[in-house]
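K.L.:
Here's a structure for you.
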Amino acid sequence: MWRAGPCRKKTSIAIHQEVTREVERLLQRVFAERRKSGGIDLEAVEMAIRSVLHCAGAAALGQLLHYGPPAVDQRRLPCVCGRQAQYIELRTKQVLTALGPTRMERPYYLCLSCHRGQFPVDRELDVQGTALSPGVRRMMGLIGHEVAFNRGRAQLKLLADLTVTTKAVERTAEAIGRDILAHQQREIRRAKQLELPVVAGPRIPILYIQTDGTGVPVTIAETQGRQGKQPGQPAHTREAKLGCVFTQTGTDAEGRPVRDENSTSYVGAIETAEEFGLRLYTEAWRRGWNRAVLKVFMGDGAVWIWNIGDRYFPDAVQNRGPLSRP
């Protein structure tokens, strides 16, 4: 881990004084209003207290993010070009945190050979290339995949008192989605080569997979070269596939599995049946397929049983290979 040199302002006394000052200002205003009107607007007061405490917290966080010059033995760092980057100066950066906007000051290094700059603190705090803290990015990713981006922006303001743009919610949610997709693709490539980790734990009697798909409207660019449902007509939709993996507590009166609570994990994508089969295959293995008898429920209502020794899941999705009806 990169270490900064002594920080001239990062003291508990300075943080305590900042928080105390902001809270006292608010209390003075609240008590003055109470004397004047004989009562208080509870919602207004609680929102005001939250805002002030957020401001105080952001100021306190700013003190913690105020780095001083590096120690003498850390004024040179390796550069990706193979040379050394040297400390130049302290530079500031505004970051939106879960407590509100704050400023950080940290050392800047520059390689005089390739002219590539770097901020070691940014890497350490996971704010490299972004003005959003990890906590804020998590919030934006959550609302960005649950609701429309503009509605998510409004929810973030109401629930967390954070002001962001609709575009920022969109970009953050999509960036997180790309990171998740890249991770999934790495795992799928490993699964395709049977480079799978050993899953330890108690044996799972039966592991269930359910999959289905439906056509969804897409832009013309997404259907180029695809045959439509009607002969000679271009496609207007793509099939969105959804799969889930779960375990059971038992069966109902009709013999259907009753899911364990919170046991279901989901995968979804718009891709070919083989690609999606690999995605399901990887998730099933991650959940412990190598320790279970696997039951696959297809969208047409068919049920397949897959023994542990059979390994190539795309064949299962396409109703080929080692599967047999129960």
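Labels used: A, B, ... for chains in the order of the structure tokens, numbers from 1 for residues in each chain, and numbers from 1 for ligands as shown.
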Residues at most 7 Å from Arg153 in chain A, counting only C-alpha atoms, excluding those fewer than 6 positions away in the same chain, as an mmCIF file with N, CA and C atoms, in the first residue's frame?
P.N.:
```
data_model
loop_
_atom_site.group_PDB
_atom_site.id
_atom_site.type_symbol
_atom_site.label_atom_id
_atom_site.label_comp_id
_atom_site.auth_asym_id
_atom_site.auth_seq_id
_atom_site.Cartn_x
_atom_site.Cartn_y
_atom_site.Cartn_z
ATOM 1 N N VAL A 164 -26.873 14.780 -8.268
ATOM 2 C CA VAL A 164 -26.148 14.251 -9.415
ATOM 3 C C VAL A 164 -27.009 14.487 -10.654
ATOM 4 N N THR A 165 -26.419 14.334 -11.809
ATOM 5 C CA THR A 165 -27.159 14.485 -13.058
ATOM 6 C C THR A 165 -27.700 13.127 -13.510
ATOM 7 N N THR A 166 -28.722 13.191 -14.351
ATOM 8 C CA THR A 166 -29.267 11.960 -14.920
ATOM 9 C C THR A 166 -28.200 11.218 -15.718
ATOM 10 N N VAL A 169 -25.869 9.179 -13.505
ATOM 11 C CA VAL A 169 -26.460 7.900 -13.079
ATOM 12 C C VAL A 169 -26.345 6.884 -14.208
#
```
K.L.:
With DSSP run on the backbone, what are the alpha helix (DSSP H) residues within range 6-173 of chain A? I'd like them as an MDAnalysis selection string.
P.N.:
chainID A and resid 12:37 42:64 120:125 134:146 149:160 166:173
K.L.:
With only C-alpha atoms as the counted atoms, please give the residues lying no more than 7 Å from Thr92 in chain A, apart from itself and same-chain residues fewer than 3 positions off, as a PDB file with C-alpha atoms, in the first residue's frame.
P.N.:
```pdb
ATOM      1  CA  ARG A 103     -11.996  18.092  -1.673  1.00  0.00           C
ATOM      2  CA  MET A 104      -8.979  15.868  -1.434  1.00  0.00           C
ATOM      3  CA  GLU A 105      -5.364  16.922  -1.749  1.00  0.00           C
ATOM      4  CA  ARG A 106      -2.798  14.327  -2.727  1.00  0.00           C
TER       5      ARG A 106
END
```
K.L.:
Nearest to Gly100 in chain A: which of A:Gln118, A:Ser51, A:Thr130, A:Thr247 is it, counting only C-alpha atoms?
P.N.:
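Ranking A:Gln118, A:Ser51, A:Thr130, A:Thr247 by distance to Gly100 in chain A, first place goes to A:Ser51.
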K.L.:
I'd like the interatomic distance between CA of Met139 in chain A and CA of Leu159 in chain A, to a tenth of an Å.
P.N.:
10.4 Å
K.L.:
What's around Cys111 in chain A at 8 Å? Count only C-alpha atoms, leave out sequence neighbours fewer than 3 positions away in its own chain, and write the answer as a PDB file with N, CA and C atoms, in the first residue's frame.
P.N.:
```
ATOM      1  N   CYS A  79       7.128   3.477 -12.940  1.00  0.00           N
ATOM      2  CA  CYS A  79       6.199   3.859 -14.006  1.00  0.00           C
ATOM      3  C   CYS A  79       5.979   2.654 -14.911  1.00  0.00           C
ATOM      4  N   ARG A  83      10.542   3.075 -16.280  1.00  0.00           N
ATOM      5  CA  ARG A  83      11.377   4.099 -15.641  1.00  0.00           C
ATOM      6  C   ARG A  83      10.780   4.464 -14.282  1.00  0.00           C
ATOM      7  N   GLN A  84      11.189   5.615 -13.760  1.00  0.00           N
ATOM      8  CA  GLN A  84      10.723   6.088 -12.466  1.00  0.00           C
ATOM      9  C   GLN A  84       9.943   7.394 -12.619  1.00  0.00           C
ATOM     10  N   ALA A  85       8.796   7.466 -11.931  1.00  0.00           N
ATOM     11  CA  ALA A  85       8.043   8.717 -11.855  1.00  0.00           C
ATOM     12  C   ALA A  85       8.441   9.423 -10.575  1.00  0.00           C
ATOM     13  N   GLN A  86       8.574  10.732 -10.628  1.00  0.00           N
ATOM     14  CA  GLN A  86       9.004  11.468  -9.444  1.00  0.00           C
ATOM     15  C   GLN A  86       7.917  12.411  -8.948  1.00  0.00           C
ATOM     16  N   CYS A 114       8.224   9.189 -20.203  1.00  0.00           N
ATOM     17  CA  CYS A 114       7.030   8.998 -21.045  1.00  0.00           C
ATOM     18  C   CYS A 114       5.960  10.042 -20.768  1.00  0.00           C
ATOM     19  N   HIS A 115       6.197  10.923 -19.799  1.00  0.00           N
ATOM     20  CA  HIS A 115       5.273  12.009 -19.439  1.00  0.00           C
ATOM     21  C   HIS A 115       3.907  11.488 -18.964  1.00  0.00           C
ATOM     22  N   ARG A 116       3.911  10.319 -18.359  1.00  0.00           N
ATOM     23  CA  ARG A 116       2.688   9.763 -17.794  1.00  0.00           C
ATOM     24  C   ARG A 116       2.604  10.158 -16.323  1.00  0.00           C
ATOM     25  N   GLY A 117       1.470  10.765 -15.937  1.00  0.00           N
ATOM     26  CA  GLY A 117       1.281  11.158 -14.552  1.00  0.00           C
ATOM     27  C   GLY A 117       0.515  10.098 -13.776  1.00  0.00           C
TER      28      GLY A 117
END
```
